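Asks: Dropping in entry_16.tsv, with TSV, C-alpha atoms.
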chain	number	residue	atom	x	y	z
Q	1	MET	CA	-63.00	-194.33	51.69
Q	2	PHE	CA	-60.68	-195.67	48.98
Q	3	ARG	CA	-59.76	-193.24	46.24
Q	4	GLY	CA	-57.65	-193.95	43.19
Q	5	GLY	CA	-55.15	-196.76	42.88
Q	6	TYR	CA	-55.94	-200.43	43.11
Q	7	MET	CA	-59.45	-200.30	44.58
Q	8	SER	CA	-60.85	-197.84	42.05
Q	9	ASN	CA	-59.69	-200.00	39.13
Q	10	MET	CA	-61.16	-203.24	40.48
Q	11	ALA	CA	-64.64	-202.56	39.14
Q	12	HIS	CA	-63.29	-202.46	35.59
Q	13	HIS	CA	-61.86	-205.99	35.75
Q	14	PRO	CA	-64.16	-208.60	34.12
Q	15	ALA	CA	-63.95	-210.93	37.14
Q	16	MET	CA	-65.31	-208.14	39.34
Q	17	SER	CA	-68.56	-208.16	37.36
Q	18	SER	CA	-69.01	-211.93	37.35
Q	19	ARG	CA	-71.76	-213.63	39.36
Q	20	LEU	CA	-72.33	-216.93	41.11
Q	21	ARG	CA	-75.18	-219.34	40.52
Q	22	ILE	CA	-75.67	-221.59	43.53
Q	23	THR	CA	-78.12	-224.48	43.41
Q	24	VAL	CA	-79.16	-226.02	46.74
Q	25	ARG	CA	-81.78	-228.79	46.82
Q	26	GLY	CA	-82.91	-227.98	43.29
Q	27	GLU	CA	-83.36	-224.24	43.85
Q	28	SER	CA	-80.97	-221.88	42.03
Q	29	ARG	CA	-80.12	-218.34	42.93
Q	30	GLU	CA	-77.62	-215.88	41.44
Q	31	TYR	CA	-75.37	-213.69	43.57
Q	32	ALA	CA	-73.51	-210.53	42.56
Q	33	ASP	CA	-72.41	-209.52	46.08
Q	34	PRO	CA	-68.61	-209.42	46.60
Q	35	VAL	CA	-68.92	-211.83	49.56
Q	36	VAL	CA	-71.52	-214.58	49.92
Q	37	ALA	CA	-71.47	-216.44	53.25
Q	38	VAL	CA	-72.57	-220.06	53.64
Q	39	GLY	CA	-73.68	-221.60	56.93
Q	40	ARG	CA	-76.40	-222.76	59.25
Q	41	ASP	CA	-77.21	-219.21	60.45
Q	42	ASP	CA	-80.35	-217.58	59.00
Q	43	GLN	CA	-78.42	-214.33	58.43
Q	44	VAL	CA	-75.97	-215.70	55.82
Q	45	GLY	CA	-76.44	-215.56	52.04
Q	46	VAL	CA	-76.75	-219.33	51.62
Q	47	THR	CA	-78.43	-221.01	54.59
Q	48	VAL	CA	-77.71	-224.74	54.88
Q	49	PRO	CA	-79.80	-226.39	57.63
Q	50	HIS	CA	-77.50	-229.36	58.25
Q	51	PRO	CA	-76.28	-230.29	61.78
Q	52	ASP	CA	-72.66	-230.71	60.63
Q	53	VAL	CA	-72.50	-227.23	59.04
Q	54	SER	CA	-71.08	-224.36	61.12
Q	55	ARG	CA	-73.12	-221.19	61.66
Q	56	ARG	CA	-70.68	-219.33	59.37
Q	57	HIS	CA	-69.03	-222.19	57.54
Q	58	ALA	CA	-67.50	-220.74	54.37
Q	59	GLU	CA	-67.52	-217.70	52.10
Q	60	PHE	CA	-67.46	-217.13	48.38
Q	61	ARG	CA	-65.28	-214.07	47.72
Q	62	ARG	CA	-65.07	-212.20	44.42
Q	63	THR	CA	-61.58	-210.89	43.60
Q	64	PRO	CA	-59.93	-209.50	40.44
Q	65	HIS	CA	-58.64	-213.06	39.86
Q	66	GLY	CA	-62.09	-214.65	40.08
Q	67	TRP	CA	-64.26	-216.23	42.76
Q	68	TYR	CA	-62.70	-218.02	45.71
Q	69	LEU	CA	-64.39	-220.39	48.12
Q	70	VAL	CA	-62.83	-220.01	51.57
Q	71	ASP	CA	-63.47	-222.38	54.47
Q	72	LEU	CA	-63.83	-220.31	57.67
Q	73	ARG	CA	-62.04	-222.85	59.88
Q	74	SER	CA	-65.16	-224.96	60.07
Q	75	THR	CA	-65.08	-228.08	62.22
Q	76	ASN	CA	-66.17	-230.49	59.48
Q	77	GLY	CA	-64.59	-228.87	56.41
Q	78	THR	CA	-65.47	-227.74	52.92
Q	79	TRP	CA	-65.03	-229.87	49.81
Q	80	VAL	CA	-64.89	-228.95	46.11
Q	81	ASP	CA	-65.31	-231.81	43.64
Q	82	GLY	CA	-64.27	-234.37	46.26
Q	83	GLN	CA	-61.20	-232.50	47.58
Q	84	ARG	CA	-61.09	-230.85	51.00
Q	85	ILE	CA	-60.04	-227.22	50.68
Q	86	SER	CA	-59.06	-224.32	52.88
Q	87	HIS	CA	-59.51	-221.95	49.93
Q	88	GLU	CA	-60.00	-222.60	46.24
Q	89	LEU	CA	-60.17	-220.47	43.08
Q	90	LEU	CA	-63.34	-221.63	41.34
Q	91	ALA	CA	-63.12	-222.61	37.69
Q	92	ALA	CA	-65.30	-220.40	35.52
Q	93	ASP	CA	-65.90	-222.89	32.76
Q	94	ARG	CA	-67.86	-225.64	34.51
Q	95	GLN	CA	-70.28	-226.57	37.27
Q	96	LEU	CA	-68.62	-227.49	40.59
Q	97	THR	CA	-69.93	-229.68	43.38
Q	98	VAL	CA	-69.41	-228.20	46.84
Q	99	VAL	CA	-69.99	-230.09	50.10
Q	100	VAL	CA	-70.05	-228.31	53.47
Q	101	GLY	CA	-70.18	-230.10	56.82
Q	102	GLY	CA	-67.86	-232.99	56.01
Q	103	GLU	CA	-67.98	-235.66	53.35
Q	104	ASN	CA	-71.56	-236.53	54.35
Q	105	GLY	CA	-72.67	-232.92	54.72
Q	106	GLU	CA	-74.86	-230.79	52.48
Q	107	GLN	CA	-74.02	-230.89	48.76
Q	108	PHE	CA	-74.77	-228.11	46.27
Q	109	GLN	CA	-73.68	-226.93	42.82
Q	110	VAL	CA	-71.85	-223.71	42.01
Q	111	GLU	CA	-71.23	-222.01	38.68
Q	112	VAL	CA	-69.24	-218.85	38.03
Q	113	LEU	CA	-71.16	-216.80	35.46
Q	114	PRO	CA	-69.24	-214.32	33.31
Q	115	ALA	CA	-70.04	-210.64	33.39
Q	116	ALA	CA	-73.01	-209.73	31.23
Q	117	VAL	CA	-71.82	-208.08	28.03
Q	118	PRO	CA	-74.16	-205.33	26.91
Q	119	GLU	CA	-75.39	-205.59	23.34
Q	120	ALA	CA	-73.67	-203.17	21.02
Q	121	SER	CA	-76.03	-200.64	19.51
Q	122	PRO	CA	-75.28	-198.46	16.51
Q	123	PRO	CA	-74.41	-194.85	17.28
Q	124	PRO	CA	-77.22	-192.29	16.91
Q	125	ASN	CA	-77.55	-191.25	13.26
Q	126	GLY	CA	-74.93	-193.90	12.50
Q	127	PRO	CA	-74.95	-196.53	9.79
Q	128	ALA	CA	-77.58	-199.25	9.77
Q	129	SER	CA	-76.70	-202.73	10.94
Q	130	GLY	CA	-74.49	-204.53	8.45
Q	131	THR	CA	-73.09	-201.31	6.94
Q	132	SER	CA	-69.33	-201.11	6.99
Q	133	PHE	CA	-67.06	-198.11	7.06
Q	134	PRO	CA	-64.30	-197.64	4.45
Q	135	GLN	CA	-60.92	-199.12	5.35
Q	136	GLU	CA	-59.20	-195.72	5.34
Q	137	VAL	CA	-60.53	-192.25	6.08
Q	138	GLY	CA	-61.17	-190.42	2.85
Q	139	GLN	CA	-61.24	-193.60	0.76
Q	140	GLN	CA	-64.69	-192.87	-0.71
Q	141	SER	CA	-63.97	-189.24	-1.57
Q	142	GLY	CA	-60.62	-190.01	-3.16
Q	143	HIS	CA	-58.61	-188.09	-0.54
Q	144	SER	CA	-55.52	-189.80	0.81
Q	145	GLN	CA	-55.37	-187.76	4.03
Q	146	PRO	CA	-58.14	-187.26	6.59
Q	147	GLN	CA	-59.93	-183.96	6.11
Q	148	PRO	CA	-60.16	-181.50	9.02
Q	149	PHE	CA	-63.53	-180.59	10.48
Q	150	PRO	CA	-65.07	-177.52	8.81
Q	151	GLN	CA	-64.07	-174.23	10.37
Q	152	GLY	CA	-66.50	-173.11	13.06
Q	153	TRP	CA	-67.86	-176.61	13.71
Q	154	THR	CA	-67.92	-177.37	17.45
Q	155	GLY	CA	-69.17	-180.94	17.36
Q	156	SER	CA	-72.36	-180.05	19.19
Q	157	GLU	CA	-74.35	-179.74	15.97
Q	158	GLN	CA	-76.07	-182.81	14.51
Q	159	SER	CA	-74.02	-182.53	11.33
Q	160	ALA	CA	-71.22	-180.35	10.02
Q	161	PRO	CA	-72.20	-177.17	8.16
Q	162	MET	CA	-72.02	-177.36	4.39
Reformat the file's structure so that it appears as structure tokens.

Replies:
Amino acid sequence: MFRGGYMSNMAHHPAMSSRLRITVRGESREYADPVVAVGRDDQVGVTVPHPDVSRRHAEFRRTPHGWYLVDLRSTNGTWVDGQRISHELLAADRQLTVVVGGENGEQFQVEVLPAAVPEASPPPNGPASGTSFPQEVGQQSGHSQPQPFPQGWTGSEQSAPM
């Protein structure tokens, strides 16, 4: 439905590829969904079977700025590291303690995990690991200017004709 503009560029922002690790009662699970709901209902992402937790109590929402925890106007509130919040941008550099259902409600830990960075691999037929290129093009051959590709070379061949 969205084409171009803001929405198409969101996937390229590092925060949009980050994940959440949520640990409830010693069990950890990672989430990559853009919205992760928390509540007593069995249909939410994080089910918390506590009588003071609303059916849909709060949501974790991934944005280009990072992950937010948003209280969904729950009766007993949502707390992050001892502070009641309506919404909170979650710090990416540490583990946070979240309590839903009031100060005596269910407690769990949340971590924002950075986007996985793929390992760099050398280009096909490229130099072996640890090999470095010359500082300037043409440095090894003694040329001061880059040399043009040979005439007739299209780039589809494995190597330039000699």

Asks: Q:His65, Q:Arg94, Q:Arg73, Q:Arg21: which is nearest Q:Val53, counting all atoms listed in the file?

Replies: Q:Arg73

Asks: Which residue out of Q:Ser54, Q:Phe60, Q:Pro49, Q:Thr75 has the minimum interatomic distance to Q:Leu20 when all atoms listed in the file are used?

Replies: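 Checking each candidate against Q:Leu20, we get Q:Phe60 as the closest.
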
Asks: Take atom CA of Q:Thr63 and atom CA of Q:Asn104 and report the distance between them in Å, one decimal.

Replies: 29.5 Å

Asks: Figure out the distance between atom CA of Q:Ser18 and atom CA of Q:Val112, please, to one decimal in Å.

Replies: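 So the two atoms, atom CA of Q:Val112 and atom CA of Q:Ser18, lie 7.0 Å apart.
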
Asks: As an exercise, work out the distance from atom CA of Q:Gly66 to atom CA of Q:Val36 in Å and give it to one decimal place.

Replies: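 Answer for the atom CA of Q:Gly66 to atom CA of Q:Val36 separation: 13.6 Å.
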
Asks: Write out as number ranges by chain each polymer residue whose atoms come within 10 Å of Q:Gly26, counting only C-alpha atoms; drop sequence neighbours fewer than 2 positions from it.

Replies: Q: 22-24, 28, 108-109

Asks: Which of these, Q:Thr78, Q:Glu111, Q:Gln43, Q:Val35, has the shortest distance to Q:Val99 once you count only C-alpha atoms?

Replies: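 Using only C-alpha atoms, Q:Val99 sits closest to Q:Thr78.
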
Asks: Name all residues at most 7 Å from Q:Val80 (count all atoms listed in the file; drop same-chain ones fewer than 2 positions away) and give them as an MDAnalysis selection string.

Replies: chainID Q and resid 78 82:85 96:99

Asks: Which residue, Q:Glu27, Q:Asp52, Q:Asp33, Q:Asp41, has the smallest gap to Q:Glu106 when you use only C-alpha atoms?

Replies: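 Looking at the shortest contact to Q:Glu106, the residue is Q:Asp52.
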
Asks: Within 8 Å of Q:His87, counting only C-alpha atoms, which residues show up once you throw out same-chain ones fewer than 6 positions away? Write them as a VMD selection string, please.

Replies: chain Q and resid 68 to 71

Asks: Could you check which of Q:Pro34, Q:Pro64, Q:Gly77, Q:Gly45 is closest to Q:Gly105, using only C-alpha atoms?

Replies: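 Looking at the shortest contact to Q:Gly105, the residue is Q:Gly77.
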
Asks: Q:Ala91, Q:Ala115, Q:Ser17, Q:Ser74: which is nearest Q:Arg40, counting all atoms listed in the file?

Replies: Q:Ser74

Asks: Quick one: stretch 95-118 of chain Q from the block, C-alpha atoms, as a PDB file, in the first residue's frame.

Replies:
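What follows is the written file out.pdb:
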ATOM      1  CA  GLN Q  95      18.814  -4.931  30.362  1.00  0.00           C
ATOM      2  CA  LEU Q  96      15.616  -3.268  31.619  1.00  0.00           C
ATOM      3  CA  THR Q  97      13.176  -4.474  34.243  1.00  0.00           C
ATOM      4  CA  VAL Q  98       9.534  -4.100  33.220  1.00  0.00           C
ATOM      5  CA  VAL Q  99       6.575  -4.599  35.575  1.00  0.00           C
ATOM      6  CA  VAL Q 100       3.000  -4.830  34.281  1.00  0.00           C
ATOM      7  CA  GLY Q 101      -0.069  -4.890  36.512  1.00  0.00           C
ATOM      8  CA  GLY Q 102       1.071  -2.380  39.111  1.00  0.00           C
ATOM      9  CA  GLU Q 103       4.064  -2.281  41.402  1.00  0.00           C
ATOM     10  CA  ASN Q 104       3.282  -5.807  42.620  1.00  0.00           C
ATOM     11  CA  GLY Q 105       2.446  -7.164  39.171  1.00  0.00           C
ATOM     12  CA  GLU Q 106       4.433  -9.456  36.899  1.00  0.00           C
ATOM     13  CA  GLN Q 107       8.106  -8.547  36.436  1.00  0.00           C
ATOM     14  CA  PHE Q 108      10.218  -9.447  33.395  1.00  0.00           C
ATOM     15  CA  GLN Q 109      13.446  -8.381  31.692  1.00  0.00           C
ATOM     16  CA  VAL Q 110      13.772  -6.758  28.284  1.00  0.00           C
ATOM     17  CA  GLU Q 111      16.830  -6.200  26.105  1.00  0.00           C
ATOM     18  CA  VAL Q 112      17.000  -4.409  22.764  1.00  0.00           C
ATOM     19  CA  LEU Q 113      19.308  -6.421  20.506  1.00  0.00           C
ATOM     20  CA  PRO Q 114      21.054  -4.641  17.641  1.00  0.00           C
ATOM     21  CA  ALA Q 115      20.501  -5.681  14.067  1.00  0.00           C
ATOM     22  CA  ALA Q 116      22.593  -8.669  13.058  1.00  0.00           C
ATOM     23  CA  VAL Q 117      25.510  -7.545  10.919  1.00  0.00           C
ATOM     24  CA  PRO Q 118      26.300 -10.042   8.191  1.00  0.00           C
TER      25      PRO Q 118
END
